[in-house]
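Asks: I'm passing along query-v1.cif; it holds mmCIF, C-alpha atoms.
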```cif
data_data
#
loop_
_atom_site.label_atom_id
_atom_site.label_comp_id
_atom_site.auth_asym_id
_atom_site.auth_seq_id
_atom_site.Cartn_x
_atom_site.Cartn_y
_atom_site.Cartn_z
CA MET B 144 -15.59 142.27 118.36
CA SER B 145 -14.27 145.45 119.94
CA SER B 146 -16.71 147.86 121.56
CA LYS B 147 -14.71 150.74 120.03
CA ILE B 148 -15.74 151.30 116.44
CA ASN B 149 -12.98 152.15 113.96
CA THR B 150 -14.19 150.64 110.70
CA ILE B 151 -17.81 150.37 109.54
CA GLY B 152 -18.94 148.07 106.74
CA VAL B 153 -22.12 148.79 104.80
CA LEU B 154 -24.15 146.54 102.52
CA THR B 155 -27.53 146.39 100.80
CA SER B 156 -29.35 143.08 100.86
CA GLY B 157 -32.49 141.50 99.43
CA GLY B 158 -34.67 143.36 96.95
CA ASP B 159 -33.38 146.74 95.80
CA ALA B 160 -35.35 149.86 96.72
CA PRO B 161 -35.13 153.48 95.52
CA GLY B 162 -33.34 155.48 98.19
CA MET B 163 -30.84 152.80 99.18
CA ASN B 164 -28.10 154.83 97.51
CA ALA B 165 -28.97 157.83 99.67
CA ALA B 166 -28.65 155.67 102.79
CA VAL B 167 -25.27 154.28 101.72
CA ARG B 168 -24.04 157.78 100.88
CA ALA B 169 -25.07 159.01 104.32
CA VAL B 170 -23.32 156.11 106.07
CA VAL B 171 -20.13 156.80 104.15
CA ARG B 172 -20.01 160.58 104.58
CA ARG B 173 -21.34 160.69 108.16
CA GLY B 174 -18.86 157.98 109.07
CA ILE B 175 -15.94 159.87 107.54
CA ALA B 176 -17.08 163.04 109.32
CA LYS B 177 -16.94 161.08 112.58
CA GLY B 178 -13.40 159.88 111.85
CA LYS B 179 -14.30 156.31 110.89
CA LEU B 180 -13.05 154.15 108.05
CA ILE B 181 -15.83 152.87 105.77
CA LYS B 182 -15.85 149.73 103.67
CA GLY B 183 -18.52 148.98 101.08
CA ILE B 184 -19.57 145.37 100.61
CA ASN B 185 -20.88 144.50 97.16
CA ARG B 186 -23.85 142.15 96.56
CA GLY B 187 -24.98 141.85 100.16
CA TYR B 188 -24.16 138.78 102.22
CA ALA B 189 -23.24 136.84 99.09
CA GLY B 190 -20.56 139.41 98.29
CA MET B 191 -19.38 139.43 101.89
CA LEU B 192 -18.74 135.68 101.74
CA LYS B 193 -16.70 136.23 98.57
CA GLU B 194 -14.84 139.18 100.12
CA GLU B 195 -16.13 141.71 97.60
CA ILE B 196 -15.14 144.53 99.92
CA GLN B 197 -13.82 147.96 98.97
CA ASP B 198 -12.57 151.04 100.82
CA MET B 199 -14.95 153.98 100.52
CA ASP B 200 -14.23 157.69 100.59
CA ALA B 201 -16.45 160.72 100.06
CA ARG B 202 -15.99 160.58 96.30
CA SER B 203 -17.06 156.93 96.21
CA VAL B 204 -20.65 158.06 96.69
CA CYS B 205 -20.73 161.05 94.35
CA ASN B 206 -23.74 161.42 92.04
CA ILE B 207 -25.75 158.48 93.36
CA LEU B 208 -28.58 160.27 95.22
CA GLN B 209 -30.75 160.48 92.11
CA ARG B 210 -30.19 156.88 91.02
CA GLY B 211 -32.64 154.10 91.76
CA GLY B 212 -31.55 150.65 92.86
CA THR B 213 -28.32 150.24 94.78
CA PHE B 214 -24.88 150.95 93.38
CA LEU B 215 -23.43 148.41 95.86
CA GLU B 216 -25.72 145.87 94.18
CA SER B 217 -27.73 143.26 96.01
CA GLU B 218 -28.26 139.53 95.92
CA ARG B 219 -30.29 137.09 97.94
CA CYS B 220 -28.13 134.61 99.85
CA PRO B 221 -30.10 131.62 101.22
CA GLU B 222 -26.88 129.86 102.28
CA PHE B 223 -26.33 132.61 104.83
CA GLU B 224 -28.86 130.81 107.02
CA LEU B 225 -26.18 128.18 107.67
CA GLU B 226 -24.15 128.79 110.82
CA GLU B 227 -20.93 127.89 109.07
CA MET B 228 -21.53 130.72 106.59
CA GLN B 229 -22.23 133.12 109.44
CA ASP B 230 -18.96 132.07 111.12
CA LYS B 231 -17.17 132.61 107.81
CA ALA B 232 -18.65 136.11 107.58
CA ILE B 233 -17.39 136.94 111.10
CA ASP B 234 -13.89 135.76 110.15
CA ILE B 235 -13.98 137.87 106.97
CA CYS B 236 -15.02 140.95 108.95
CA ARG B 237 -12.10 140.40 111.33
CA LYS B 238 -9.74 139.94 108.39
CA HIS B 239 -10.83 143.28 106.90
CA GLY B 240 -10.88 145.08 110.24
CA ILE B 241 -14.65 145.64 110.17
CA ASP B 242 -15.85 146.32 113.74
CA ALA B 243 -19.45 147.15 112.82
CA LEU B 244 -21.87 146.53 110.00
CA VAL B 245 -24.78 148.61 108.67
CA VAL B 246 -27.31 146.40 106.86
CA ILE B 247 -29.86 148.07 104.57
CA GLY B 248 -32.68 145.71 103.64
CA GLY B 249 -35.86 143.96 104.72
CA ASP B 250 -36.74 141.50 107.44
CA GLY B 251 -34.76 138.68 105.84
CA SER B 252 -31.68 140.89 105.77
CA PHE B 253 -32.29 141.81 109.41
CA ARG B 254 -32.42 138.15 110.39
CA GLY B 255 -28.97 137.70 108.86
CA ALA B 256 -27.79 140.75 110.81
CA GLN B 257 -29.34 139.31 113.96
CA LYS B 258 -27.27 136.14 113.54
CA LEU B 259 -24.07 138.18 113.16
CA ALA B 260 -24.99 140.26 116.21
CA GLY B 261 -25.37 137.04 118.19
CA LYS B 262 -21.79 136.17 117.24
CA GLY B 263 -20.42 139.47 118.53
CA LEU B 264 -20.48 141.81 115.53
CA ASN B 265 -21.85 145.29 116.17
CA VAL B 266 -24.79 145.65 113.78
CA ILE B 267 -27.27 148.37 112.84
CA GLY B 268 -30.19 147.67 110.48
CA ILE B 269 -31.89 150.21 108.21
CA PRO B 270 -35.31 149.24 106.75
CA GLY B 271 -35.08 149.21 102.96
CA THR B 272 -38.00 147.58 101.13
CA ILE B 273 -40.75 148.87 98.87
CA ASP B 274 -43.22 146.51 100.56
CA GLY B 275 -43.53 148.65 103.71
CA ASP B 276 -43.88 145.46 105.73
CA ILE B 277 -41.43 145.94 108.63
CA GLY B 278 -43.45 146.14 111.82
CA CYS B 279 -41.16 148.37 113.88
CA THR B 280 -41.31 151.35 111.50
CA ASP B 281 -43.91 153.56 109.82
CA TYR B 282 -41.54 154.13 106.88
CA THR B 283 -39.31 151.89 104.80
CA ILE B 284 -36.87 153.14 102.18
CA GLY B 285 -38.36 152.84 98.69
CA PHE B 286 -42.04 152.63 99.55
CA ASP B 287 -42.78 156.26 98.67
CA THR B 288 -41.14 156.00 95.25
CA ALA B 289 -42.75 152.64 94.50
CA VAL B 290 -46.26 153.76 95.40
CA ASN B 291 -45.89 156.94 93.33
CA THR B 292 -44.61 154.93 90.35
CA ALA B 293 -47.57 152.57 90.64
CA MET B 294 -50.01 155.46 91.05
CA HIS B 295 -48.86 157.16 87.83
CA ALA B 296 -49.04 153.87 85.90
CA ILE B 297 -52.57 153.18 87.14
CA ASP B 298 -53.64 156.71 86.17
CA ASN B 299 -52.47 155.95 82.62
CA ILE B 300 -54.36 152.66 82.56
CA ARG B 301 -57.50 154.46 83.78
CA ASP B 302 -57.32 156.73 80.71
CA THR B 303 -57.46 153.74 78.38
CA ALA B 304 -60.08 151.95 80.47
CA SER B 305 -62.27 155.05 80.24
CA SER B 306 -61.81 155.35 76.48
CA HIS B 307 -62.85 151.77 75.83
CA GLU B 308 -65.27 151.18 78.72
CA LYS B 309 -63.14 148.33 80.02
CA CYS B 310 -62.51 146.61 83.33
CA SER B 311 -58.83 146.33 84.30
CA ILE B 312 -57.19 144.30 87.05
CA ILE B 313 -53.78 145.73 87.92
CA GLU B 314 -51.31 143.79 90.02
CA VAL B 315 -48.97 145.75 92.27
CA MET B 316 -46.06 144.48 94.34
CA GLY B 317 -45.86 144.10 98.09
CA ARG B 318 -45.24 140.38 98.60
CA ASN B 319 -47.71 139.34 101.31
CA ALA B 320 -48.48 142.90 102.40
CA GLY B 321 -51.18 145.12 100.94
CA HIS B 322 -49.70 148.57 101.66
CA ILE B 323 -48.95 149.56 98.05
CA ALA B 324 -52.35 148.31 96.89
CA LEU B 325 -54.17 150.12 99.71
CA TRP B 326 -52.42 153.43 99.07
CA CYS B 327 -52.96 153.21 95.30
CA GLY B 328 -56.56 152.22 95.87
CA ILE B 329 -57.19 155.53 97.60
CA ALA B 330 -54.90 157.62 95.39
CA ASN B 331 -56.24 156.20 92.11
CA GLY B 332 -59.89 155.96 93.10
CA ALA B 333 -59.99 152.22 92.40
CA GLU B 334 -63.40 150.56 92.41
CA GLN B 335 -62.00 147.51 94.22
CA VAL B 336 -58.77 146.69 96.06
CA LEU B 337 -57.84 143.10 96.85
CA ILE B 338 -55.21 142.66 99.56
CA PRO B 339 -54.06 139.55 101.47
CA GLU B 340 -55.08 141.04 104.81
CA LYS B 341 -58.75 141.38 103.79
CA PHE B 342 -59.65 139.45 100.62
CA ASP B 343 -61.78 136.34 101.20
CA TYR B 344 -61.03 134.95 97.70
CA ASN B 345 -64.70 135.13 96.74
CA GLU B 346 -64.34 136.06 93.07
CA VAL B 347 -68.10 136.01 92.56
CA LYS B 348 -68.35 139.06 94.84
CA VAL B 349 -65.72 140.80 92.73
CA LEU B 350 -67.84 140.18 89.63
CA GLN B 351 -71.03 141.27 91.38
CA LYS B 352 -69.49 144.63 92.23
CA ILE B 353 -68.37 145.11 88.60
CA VAL B 354 -71.92 144.36 87.43
CA LYS B 355 -73.47 146.64 90.06
CA ASN B 356 -71.15 149.49 89.06
CA ARG B 357 -72.18 149.09 85.42
CA GLU B 358 -75.85 149.08 86.35
CA ASN B 359 -75.22 152.36 88.18
CA GLY B 360 -73.69 153.88 85.06
CA LYS B 361 -70.01 153.18 85.76
CA LYS B 362 -68.51 152.36 82.36
CA ASN B 363 -64.99 151.41 83.50
CA ASN B 364 -63.62 149.63 86.53
CA ILE B 365 -60.13 149.55 88.03
CA ILE B 366 -59.37 146.67 90.37
CA ILE B 367 -56.02 146.72 92.17
CA ASN B 368 -54.73 143.31 93.15
CA ALA B 369 -51.82 142.85 95.58
CA GLU B 370 -49.32 140.27 94.35
CA GLY B 371 -49.79 138.21 97.53
CA ILE B 372 -53.31 137.32 96.35
CA GLY B 373 -51.99 135.16 93.54
CA ASP B 374 -52.05 134.82 89.76
CA THR B 375 -53.82 137.90 88.38
CA PRO B 376 -54.26 136.69 84.76
CA LYS B 377 -55.87 133.44 85.92
CA MET B 378 -58.15 135.36 88.28
CA ALA B 379 -59.23 137.62 85.40
CA LYS B 380 -60.00 134.61 83.20
CA ARG B 381 -62.12 132.99 85.90
CA ILE B 382 -64.10 136.18 86.55
CA SER B 383 -64.53 136.76 82.80
CA ALA B 384 -65.83 133.22 82.34
CA ILE B 385 -68.35 133.59 85.17
CA GLY B 386 -69.71 136.92 84.02
CA ASN B 387 -69.01 136.83 80.28
CA ILE B 388 -67.23 140.17 80.43
CA SER B 389 -63.90 141.36 79.06
CA ILE B 390 -61.20 142.04 81.65
CA ARG B 391 -57.73 143.31 80.88
CA THR B 392 -54.80 142.61 83.16
CA THR B 393 -51.62 144.55 83.83
CA ILE B 394 -48.80 143.39 86.07
CA LEU B 395 -46.66 146.37 87.05
CA SER B 396 -43.97 144.13 88.55
CA TYR B 397 -40.41 145.46 88.74
CA ILE B 398 -41.27 148.85 87.26
CA GLN B 399 -42.12 149.75 90.87
CA ARG B 400 -38.70 148.81 92.23
CA GLY B 401 -36.73 151.13 89.95
CA GLY B 402 -36.79 154.77 89.01
CA VAL B 403 -35.68 158.09 90.43
CA PRO B 404 -36.21 158.19 94.22
CA THR B 405 -38.67 160.74 95.52
CA CYS B 406 -37.57 163.59 97.77
CA LYS B 407 -38.98 161.76 100.79
CA ASP B 408 -37.03 158.59 100.03
CA ARG B 409 -33.81 160.57 99.55
CA VAL B 410 -34.20 162.62 102.72
CA PHE B 411 -35.50 159.90 105.05
CA ALA B 412 -32.93 157.39 103.81
CA SER B 413 -30.16 159.96 104.36
CA VAL B 414 -31.28 160.63 107.92
CA MET B 415 -31.52 156.90 108.66
CA GLY B 416 -28.04 156.28 107.28
CA ALA B 417 -26.57 159.08 109.38
CA LYS B 418 -28.42 157.89 112.49
CA ALA B 419 -27.00 154.38 112.05
CA VAL B 420 -23.48 155.83 112.20
CA ASP B 421 -24.38 158.04 115.17
CA LEU B 422 -25.70 155.03 117.11
CA LEU B 423 -22.46 153.14 116.55
CA CYS B 424 -20.39 156.15 117.60
CA GLU B 425 -22.48 156.45 120.77
CA GLY B 426 -21.72 152.83 121.66
CA ALA B 427 -25.11 151.42 120.69
CA CYS B 428 -25.20 148.23 118.66
CA ASN B 429 -27.56 145.52 117.50
CA ARG B 430 -30.24 148.10 116.74
CA VAL B 431 -32.68 148.83 113.93
CA VAL B 432 -33.25 152.42 112.85
CA ALA B 433 -36.95 153.23 112.46
CA TYR B 434 -39.36 156.08 111.84
CA LYS B 435 -42.18 155.94 114.36
CA ASP B 436 -44.85 158.50 115.23
CA GLY B 437 -43.01 161.27 113.41
CA GLN B 438 -39.59 160.61 114.96
CA PHE B 439 -36.43 158.76 113.91
CA VAL B 440 -35.88 156.18 116.64
CA ASP B 441 -34.17 152.83 117.14
CA PHE B 442 -35.10 149.43 118.54
CA ASP B 443 -33.21 146.39 119.71
CA ILE B 444 -32.90 144.10 116.70
CA ASP B 445 -34.52 141.16 118.51
CA GLU B 446 -37.42 143.35 119.60
CA ALA B 447 -37.76 144.82 116.11
CA LEU B 448 -38.05 141.42 114.48
CA GLU B 449 -40.80 140.42 116.90
CA MET B 450 -42.93 143.46 116.07
CA ARG B 451 -45.83 142.81 113.72
CA GLY B 452 -47.15 145.48 111.42
CA GLY B 453 -50.28 145.52 109.34
CA ILE B 454 -52.41 147.73 107.19
CA SER B 455 -54.21 150.68 108.71
CA GLU B 456 -57.74 149.58 109.52
CA TYR B 457 -58.86 153.21 109.39
CA MET B 458 -57.39 153.70 105.91
CA TYR B 459 -59.09 150.49 104.74
CA GLU B 460 -62.43 151.70 106.13
CA ILE B 461 -61.98 154.97 104.22
CA LEU B 462 -61.09 153.06 101.06
CA GLU B 463 -64.29 151.05 101.30
CA ASP B 464 -66.43 154.19 101.57
CA LEU B 465 -64.60 156.11 98.85
CA SER B 466 -64.78 153.25 96.34
CA MET B 467 -68.57 152.87 96.50
#
```
So that I can check it, write out the structure of this file as structure tokens.

Replies:
Amino acid sequence: MSSKINTIGVLTSGGDAPGMNAAVRAVVRRGIAKGKLIKGINRGYAGMLKEEIQDMDARSVCNILQRGGTFLESERCPEFELEEMQDKAIDICRKHGIDALVVIGGDGSFRGAQKLAGKGLNVIGIPGTIDGDIGCTDYTIGFDTAVNTAMHAIDNIRDTASSHEKCSIIEVMGRNAGHIALWCGIANGAEQVLIPEKFDYNEVKVLQKIVKNRENGKKNNIIINAEGIGDTPKMAKRISAIGNISIRTTILSYIQRGGVPTCKDRVFASVMGAKAVDLLCEGACNRVVAYKDGQFVDFDIDEALEMRGGISEYMYEILEDLSM
């Protein structure tokens, strides 16, 4: 591919996240301001392989900032792992004159971008996932909205738990990462938080803490369970059977992935989208835009994918003390 960028493609891939529309809008309008042609690719890599590609102008992204999800739509594309599909994607980009590609998504989406970069396409990745599990960045698009949505839902459940003196186990999303659960645990004052990074799967200890809380006068208990732990309803049944207590379960599921993006998700996503275009215009390629230590920065895509994140040990220590 040419080192001079004339036409930039943009796609959203993997799970949708509130704020993705703000990032796409920024790519389109910053790109136009820099004199570039912009092409939107519908349904991620799957849409690319089917040439679902459209020209974008400033009006193409009107009135999308406040909308959750992604107006370009998204779809998982396992066949993109095949080299022949990657070669097909490169040929399609050449056919449509796309010199560079901005990929908004999670680590799986970045791995697809990495493959295209290895075949000569100029690529910039933008972290978009509610899970907050991309190691190179302190912020991922959608996390702030998702954690606020979960927080408000758990507050509502607490009201009912208090009224009926019940124990509730609430499952939040996050795949194999406990960031949403950890943040909600502190924000909602949960009595227990079970996350993959820390939970030893000793359900007897979970029950013992419920019993101890009741002995100390605590009439309701909120337990937040990260989805990576496993089947919440079955866990509740096992704990109920051991202790002969009633436990209600709530799985928040996809409610966390939708909804109106917060101000932070709109602003940070916009800055990241603009920075992706700026990097391409400066001659940089095969980078991932990140937010690290209070600054918008970028990393080599290979380096970014090697970075490993994790929960804040300090935040977890605080959680443990505050939930006593």

Asks: If we count all atoms listed in the file, what is near region 408-419 of chain B at a cut-off of 6 Å, once residues fewer than 4 positions away on the same chain are taken out, given as a PyMOL selection string?

Replies: chain B and resi 162+165-166+169-170+173+284+404

Asks: Since I can't run it myself right now, could you work out what the PyMOL selection byres ((chain B and resi 231) around 12) selects here and report it as JSON, numbers by chain?

Replies: {"B": [188, 189, 191, 192, 193, 194, 222, 223, 224, 225, 226, 227, 228, 229, 230, 232, 233, 234, 235, 236, 237, 238, 259, 262]}

Asks: In Å, how far is it from CA of Gly187 (chain B) to CA of Glu218 (chain B)?

Replies: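 We find that CA of Gly187 (chain B) and CA of Glu218 (chain B) lie 5.8 Å from each other.
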
Asks: To one decimal place, how far is CA of Val420 (chain B) from CA of Ala160 (chain B) in Å?

Replies: 20.4 Å

Asks: Quick check, in Å to one decimal: how far apart do CA of Cys279 (chain B) and CA of Val440 (chain B) lie?

Replies: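 CA of Cys279 (chain B) sits 9.8 Å away from CA of Val440 (chain B).
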
Asks: Starting from the shown file, work through the PyMOL selection byres ((chain B and resi 363) around 10) and note down what comes out as a ChimeraX atom specification.

Replies: /B:301-311,334,353,356-357,360-362,364-365

Asks: Have a look at B:Met294, B:Met163, B:Leu208, B:Ile181 and name the one nearest to Gly332 (chain B); count all atoms listed in the file.

Replies: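 Residue with the minimum atom-to-atom distance to Gly332 (chain B): B:Met294.
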
Asks: Name the residues captured by the PyMOL selection byres ((chain B and resi 185) around 7) when it is applied to the shown file; answer as a PyMOL selection string.

Replies: chain B and resi 154+183-184+186-187+190+195-196+215-216

Asks: Calculated over only C-alpha atoms, which of the candidates B:Ile394, B:Ala433, B:Leu423, B:Ile444 has the smallest distance to Tyr282 (chain B)?

Replies: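 Among B:Ile394, B:Ala433, B:Leu423, B:Ile444, it is B:Ala433 that comes nearest to Tyr282 (chain B).
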
Asks: As a short mmCIF file (atom, residue, chain, number, x, y, z; two decimals) with C-alpha atoms, in the coordinates of the input, please: the residues near region 244-248 of chain B (cut-off 8 Å, all atoms listed in the file, same-chain neighbours under 2 positions excluded).

Replies:
```cif
data_model
loop_
_atom_site.label_atom_id
_atom_site.label_comp_id
_atom_site.auth_asym_id
_atom_site.auth_seq_id
_atom_site.Cartn_x
_atom_site.Cartn_y
_atom_site.Cartn_z
CA ILE B 151 -17.81 150.37 109.54
CA GLY B 152 -18.94 148.07 106.74
CA VAL B 153 -22.12 148.79 104.80
CA LEU B 154 -24.15 146.54 102.52
CA THR B 155 -27.53 146.39 100.80
CA SER B 156 -29.35 143.08 100.86
CA GLY B 157 -32.49 141.50 99.43
CA GLY B 158 -34.67 143.36 96.95
CA ASP B 159 -33.38 146.74 95.80
CA MET B 163 -30.84 152.80 99.18
CA ALA B 166 -28.65 155.67 102.79
CA ILE B 241 -14.65 145.64 110.17
CA ASP B 242 -15.85 146.32 113.74
CA ASP B 250 -36.74 141.50 107.44
CA GLY B 251 -34.76 138.68 105.84
CA SER B 252 -31.68 140.89 105.77
CA PHE B 253 -32.29 141.81 109.41
CA ALA B 256 -27.79 140.75 110.81
CA LEU B 264 -20.48 141.81 115.53
CA ASN B 265 -21.85 145.29 116.17
CA VAL B 266 -24.79 145.65 113.78
CA ILE B 267 -27.27 148.37 112.84
CA GLY B 268 -30.19 147.67 110.48
CA ILE B 269 -31.89 150.21 108.21
CA PRO B 270 -35.31 149.24 106.75
CA GLY B 271 -35.08 149.21 102.96
CA THR B 272 -38.00 147.58 101.13
CA ALA B 419 -27.00 154.38 112.05
#
```

Asks: Given 4 Å on each side, where is the centre and what are the edge lengths in Å to one decimal of the axis-aligned box enclosing the listed atoms of region 341-360 of chain B, as AutoDock Vina command-line options?

Replies:
```
--center_x -67.3 --center_y 144.4 --center_z 94.4 --size_x 25.1 --size_y 26.9 --size_z 26.7
```

Asks: Taking all atoms listed in the file into account, which of B:Gly437, B:Gly402, B:Gly321, B:Gly328 comes nearest Lys341 (chain B)?

Replies: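 Residue with the minimum atom-to-atom distance to Lys341 (chain B): B:Gly321.
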
Asks: Mind listing whatever residues come within 8 Å of the point (-57.8, 136.8, 96.1)? Use all atoms listed in the file, file coordinates, and give them as an NGL selection string.

Replies: :B and (337-339 or 342-346 or 368 or 372-373 or 378)

Asks: I need the residue nearest Ile382 (chain B) from this list: B:Leu180, B:Ala260, B:Val349, B:Cys205. Use all atoms listed in the file for the distance.

Replies: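 Nearest candidate to Ile382 (chain B) out of B:Leu180, B:Ala260, B:Val349, B:Cys205: B:Val349.
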
Asks: Identify which of the residues B:Lys258, B:Ile385, B:Asp298, B:Ala379 lies closest to Gln351 (chain B), counting all atoms listed in the file when measuring atom-to-atom distances.

Replies: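 With all atoms listed in the file as the atom set, the closest residue is B:Ile385.
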
Asks: Compare B:Thr150, B:Thr288, B:Gln197, B:Gln257 by their minimum atom-to-atom distance to Gln399 (chain B), counting all atoms listed in the file, and give me the closest one.

Replies: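 That would be B:Thr288, the residue with the smallest distance to Gln399 (chain B).
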
Asks: Quick one: everything within 9 Å of Asp445 (chain B), counting all atoms listed in the file, minus sequence neighbours fewer than 2 positions away in the same chain. Send it as a PyMOL selection string.

Replies: chain B and resi 254+257+429-430+442-443+447-449

Asks: Output C-alpha atoms of each residue in that selection to a file, as a CSV table (one decimal), in the coordinates of the input.

Replies:
```
chain,number,residue,atom,x,y,z
B,254,ARG,CA,-32.4,138.2,110.4
B,257,GLN,CA,-29.3,139.3,114.0
B,429,ASN,CA,-27.6,145.5,117.5
B,430,ARG,CA,-30.2,148.1,116.7
B,442,PHE,CA,-35.1,149.4,118.5
B,443,ASP,CA,-33.2,146.4,119.7
B,447,ALA,CA,-37.8,144.8,116.1
B,448,LEU,CA,-38.0,141.4,114.5
B,449,GLU,CA,-40.8,140.4,116.9
```
